[in-house]
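A short write-up of the structure that comes next.
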Amino acid sequence: CDVHCAPASYDALFPYLSDYWRQYIQEAGVRLTGVAHAYPPGAPTTASAAVRELAGTPVPDSYGALKERVLDGADPRFAVLNCLTGFETHRNAHFSAAVAGAINDWLVGEFLSRDDRLRASLVVSTISVQDAVAEIGRIGGDPRFVQVLLPVRSDVPWGNKANHPIFEAAREQGLQ
């Protein structure tokens with residue numbers, strides 16, 4: 001029900017970003033740091049012993065890694081991917097919206113299109129309610145997306161009425 005995945009770096013998202021945002025990332029030296037910092041290697045909750053023995057990050061960054069680490073052994077009927085990246089810590093609303101869209105497209109291209117058992121949580125900008133609603137409208141109708149992933153951090157508590165349009169958009173698309 002909660003299988004984490006994340007791109008190893010912004011390079012993995014470049015095919016899903018415009019030239020402008022690729023240049024912005026490269027020239028500003030923006031790094032995608034959520035995976036390394038959110039998952040300290042020594043923490044017992046970071047990964048199972050079996051995963052620790054595998055090379056690479058504890059969070060699969062490709063379908064091959066996900067298949068090897070989760071799907072082949074557990075053979076689940078369905079698995080819901082939650083892409084945790086830390087991109088929401090950047091304060092540029094336009095960048096946040098672009099990266100959220102790229103992550104959702106990366107999930108489709110790299111995972112959902114490769115295995116019928118996979119579902120995913122749609123990610124949205126945490127800075128702009130309008131951008132979050134637009135992203136839900138853009139891709140929320142894809143039945144492989146089953147919920148909206150809202151990180152713990154937000155400028156305004158999620159229960160605040162300013163965020164209600166996000167919940168309404170999710171409800172309209174049949175998302176949790």
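Order determines the names: the first chain of the structure tokens is A, the second B, and so forth; residues in each chain are numbered 1 upward, and ligands are numbered 1 upward as they are shown.
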
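Residues within 12 Å of region 91-94 of chain A, counting only C-alpha atoms and excluding same-chain residues fewer than 5 positions away, are Tyr20, Trp21, Tyr24, Val30, Gly86, Val99, Ala100, Gly101, Val124, Ser125, Thr126, Ile127, Ser128, Val129, Gln130, Asp131, Ala132, Ser154 and Asp155 of chain A.
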
**Who sits within 12 Å of Pro151 (chain A), only C-alpha atoms, same chain under 4 positions skipped, as a list in words** =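 Close residues of Pro151 (chain A): Gly34, Asn82, Cys83, Leu84, Thr85, Gly86, Phe87, Glu88, Thr89, Ser121, Leu122, Val123, Val124, Ser125, Thr126, Ile127, Asp155, Val156, Pro157 and Trp158 of chain A.
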
Preceding selection exported with all heavy atoms as a CSV table (one decimal), in the first residue's frame:
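What ended up in part12.csv:
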chain,number,residue,atom,x,y,z
A,34,GLY,N,15.8,15.2,-1.3
A,34,GLY,CA,14.9,14.6,-0.4
A,34,GLY,C,15.2,13.2,-0.1
A,34,GLY,O,15.1,12.7,1.1
A,82,ASN,N,4.5,6.0,-3.8
A,82,ASN,CA,4.6,7.3,-3.2
A,82,ASN,C,5.9,7.9,-3.4
A,82,ASN,O,6.9,7.4,-2.9
A,82,ASN,CB,4.3,7.3,-1.7
A,82,ASN,CG,2.8,6.9,-1.4
A,82,ASN,OD1,2.0,7.6,-1.9
A,82,ASN,ND2,2.6,5.9,-0.7
A,83,CYS,N,6.0,8.9,-4.3
A,83,CYS,CA,7.3,9.5,-4.7
A,83,CYS,C,7.6,10.6,-3.7
A,83,CYS,O,7.0,11.7,-3.7
A,83,CYS,CB,7.2,10.0,-6.1
A,83,CYS,SG,8.8,10.7,-6.6
A,84,LEU,N,8.6,10.4,-2.9
A,84,LEU,CA,9.0,11.4,-1.9
A,84,LEU,C,10.3,12.0,-2.3
A,84,LEU,O,11.3,11.2,-2.5
A,84,LEU,CB,9.2,10.7,-0.5
A,84,LEU,CG,7.9,10.0,0.0
A,84,LEU,CD1,8.3,9.2,1.3
A,84,LEU,CD2,6.8,10.9,0.2
A,85,THR,N,10.4,13.3,-2.6
A,85,THR,CA,11.6,13.8,-3.2
A,85,THR,C,12.1,15.0,-2.4
A,85,THR,O,13.3,15.4,-2.6
A,85,THR,CB,11.3,14.3,-4.6
A,85,THR,OG1,10.3,15.3,-4.6
A,85,THR,CG2,10.9,13.2,-5.5
A,86,GLY,N,11.3,15.8,-1.7
A,86,GLY,CA,11.8,17.0,-1.1
A,86,GLY,C,11.7,18.2,-2.0
A,86,GLY,O,12.1,19.3,-1.6
A,87,PHE,N,11.1,18.1,-3.2
A,87,PHE,CA,11.1,19.2,-4.1
A,87,PHE,C,10.2,20.3,-3.6
A,87,PHE,O,10.4,21.5,-3.9
A,87,PHE,CB,10.5,18.8,-5.5
A,87,PHE,CG,9.0,18.7,-5.5
A,87,PHE,CD1,8.2,19.8,-5.9
A,87,PHE,CD2,8.3,17.5,-5.2
A,87,PHE,CE1,6.8,19.7,-5.9
A,87,PHE,CE2,7.0,17.4,-5.2
A,87,PHE,CZ,6.2,18.5,-5.6
A,88,GLU,N,9.3,20.0,-2.7
A,88,GLU,CA,8.4,21.0,-2.1
A,88,GLU,C,9.1,22.0,-1.2
A,88,GLU,O,8.5,23.0,-0.8
A,88,GLU,CB,7.2,20.4,-1.4
A,88,GLU,CG,7.5,19.7,-0.1
A,88,GLU,CD,8.1,18.3,-0.2
A,88,GLU,OE1,8.2,17.8,-1.3
A,88,GLU,OE2,8.4,17.8,0.9
A,89,THR,N,10.3,21.8,-0.9
A,89,THR,CA,11.0,22.7,0.0
A,89,THR,C,11.5,23.9,-0.8
A,89,THR,O,11.9,24.9,-0.2
A,89,THR,CB,12.2,22.0,0.6
A,89,THR,OG1,13.1,21.6,-0.4
A,89,THR,CG2,11.8,20.9,1.5
A,121,SER,N,0.5,7.7,-6.1
A,121,SER,CA,0.0,8.9,-5.5
A,121,SER,C,0.4,10.1,-6.4
A,121,SER,O,1.6,10.2,-6.7
A,121,SER,CB,0.5,9.1,-4.1
A,121,SER,OG,0.1,8.0,-3.3
A,122,LEU,N,-0.5,10.9,-6.7
A,122,LEU,CA,-0.2,12.1,-7.5
A,122,LEU,C,0.4,13.1,-6.6
A,122,LEU,O,0.0,13.4,-5.5
A,122,LEU,CB,-1.6,12.6,-8.1
A,122,LEU,CG,-1.6,13.7,-9.1
A,122,LEU,CD1,-2.8,13.5,-10.0
A,122,LEU,CD2,-1.8,15.0,-8.4
A,123,VAL,N,1.5,13.8,-7.1
A,123,VAL,CA,2.1,14.9,-6.3
A,123,VAL,C,1.7,16.2,-6.8
A,123,VAL,O,1.4,16.4,-8.0
A,123,VAL,CB,3.6,14.7,-6.2
A,123,VAL,CG1,4.1,13.5,-5.5
A,123,VAL,CG2,4.3,14.9,-7.5
A,124,VAL,N,1.6,17.2,-6.0
A,124,VAL,CA,1.2,18.5,-6.4
A,124,VAL,C,2.1,19.6,-5.7
A,124,VAL,O,2.7,19.3,-4.7
A,124,VAL,CB,-0.3,18.8,-6.0
A,124,VAL,CG1,-1.3,17.9,-6.7
A,124,VAL,CG2,-0.5,18.7,-4.5
A,125,SER,N,2.0,20.8,-6.2
A,125,SER,CA,2.7,21.9,-5.6
A,125,SER,C,2.1,22.2,-4.2
A,125,SER,O,0.9,22.2,-4.1
A,125,SER,CB,2.6,23.2,-6.5
A,125,SER,OG,3.0,24.3,-5.8
A,126,THR,N,3.0,22.4,-3.3
A,126,THR,CA,2.5,22.7,-1.9
A,126,THR,C,2.5,24.2,-1.7
A,126,THR,O,2.0,24.7,-0.6
A,126,THR,CB,3.4,22.1,-0.9
A,126,THR,OG1,4.7,22.6,-1.0
A,126,THR,CG2,3.4,20.6,-1.0
A,127,ILE,N,2.9,25.0,-2.7
A,127,ILE,CA,3.0,26.4,-2.5
A,127,ILE,C,1.7,27.1,-3.1
A,127,ILE,O,1.3,28.1,-2.6
A,127,ILE,CB,4.2,27.0,-3.3
A,127,ILE,CG1,5.5,26.4,-2.6
A,127,ILE,CG2,4.3,28.5,-3.2
A,127,ILE,CD1,6.8,26.7,-3.3
A,155,ASP,N,2.8,25.5,3.9
A,155,ASP,CA,2.7,26.8,4.5
A,155,ASP,C,1.5,27.0,5.3
A,155,ASP,O,1.5,27.7,6.3
A,155,ASP,CB,2.7,27.8,3.3
A,155,ASP,CG,4.1,27.9,2.6
A,155,ASP,OD1,5.0,27.4,3.2
A,155,ASP,OD2,4.1,28.5,1.5
A,156,VAL,N,0.4,26.4,4.9
A,156,VAL,CA,-0.9,26.6,5.6
A,156,VAL,C,-1.3,25.2,6.0
A,156,VAL,O,-1.3,24.3,5.1
A,156,VAL,CB,-1.9,27.2,4.7
A,156,VAL,CG1,-3.3,27.3,5.3
A,156,VAL,CG2,-1.5,28.6,4.2
A,157,PRO,N,-1.8,24.9,7.2
A,157,PRO,CA,-2.2,23.6,7.6
A,157,PRO,C,-3.3,23.0,6.5
A,157,PRO,O,-4.1,23.8,6.1
A,157,PRO,CB,-2.8,23.8,8.9
A,157,PRO,CG,-2.2,25.0,9.5
A,157,PRO,CD,-1.9,25.9,8.3
A,158,TRP,N,-3.2,21.8,6.2
A,158,TRP,CA,-4.0,21.2,5.2
A,158,TRP,C,-5.5,21.3,5.5
A,158,TRP,O,-6.3,21.4,4.6
A,158,TRP,CB,-3.6,19.7,4.9
A,158,TRP,CG,-2.3,19.6,4.3
A,158,TRP,CD1,-1.2,19.0,4.9
A,158,TRP,CD2,-1.9,20.1,3.0
A,158,TRP,NE1,-0.1,19.2,4.0
A,158,TRP,CE2,-0.5,19.8,2.9
A,158,TRP,CE3,-2.5,20.8,2.0
A,158,TRP,CZ2,0.2,20.1,1.8
A,158,TRP,CZ3,-1.8,21.1,0.9
A,158,TRP,CH2,-0.4,20.8,0.8

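The neighbours of Leu17 (chain A) here are the residues that come within 12 Å of it, using only C-alpha atoms and leaving out any residue fewer than 2 positions away in the same chain; they are A:Tyr10, A:Asp11, A:Ala12, A:Leu13, A:Phe14, A:Pro15, A:Asp19, A:Tyr20, A:Trp21, A:Arg22, A:Gln23, A:Tyr24, A:Ile25, A:Phe95, A:Ser96, A:Ala97, A:Ala98, A:Val99, A:Ala100, A:Gly101, A:Ala102, A:Ile103, A:Asn104, A:Asp105, A:Trp106.
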
**Request:** Enumerate the residues of chain A with a DSSP assignment of strand (DSSP E), computed from the backbone, and present them as a PyMOL selection string.
**Result:** chain A and resi 3-5+79-83+118-123+145-149

**Asked** Got a sec to tell me which of chain A DSSP assigns to helix (DSSP H, G or I), as an MDAnalysis selection string?
**Response** chainID A and resid 10:16 19:28 34:38 49:53 63:74 87:89 93:110 112:114 129:139 161:172
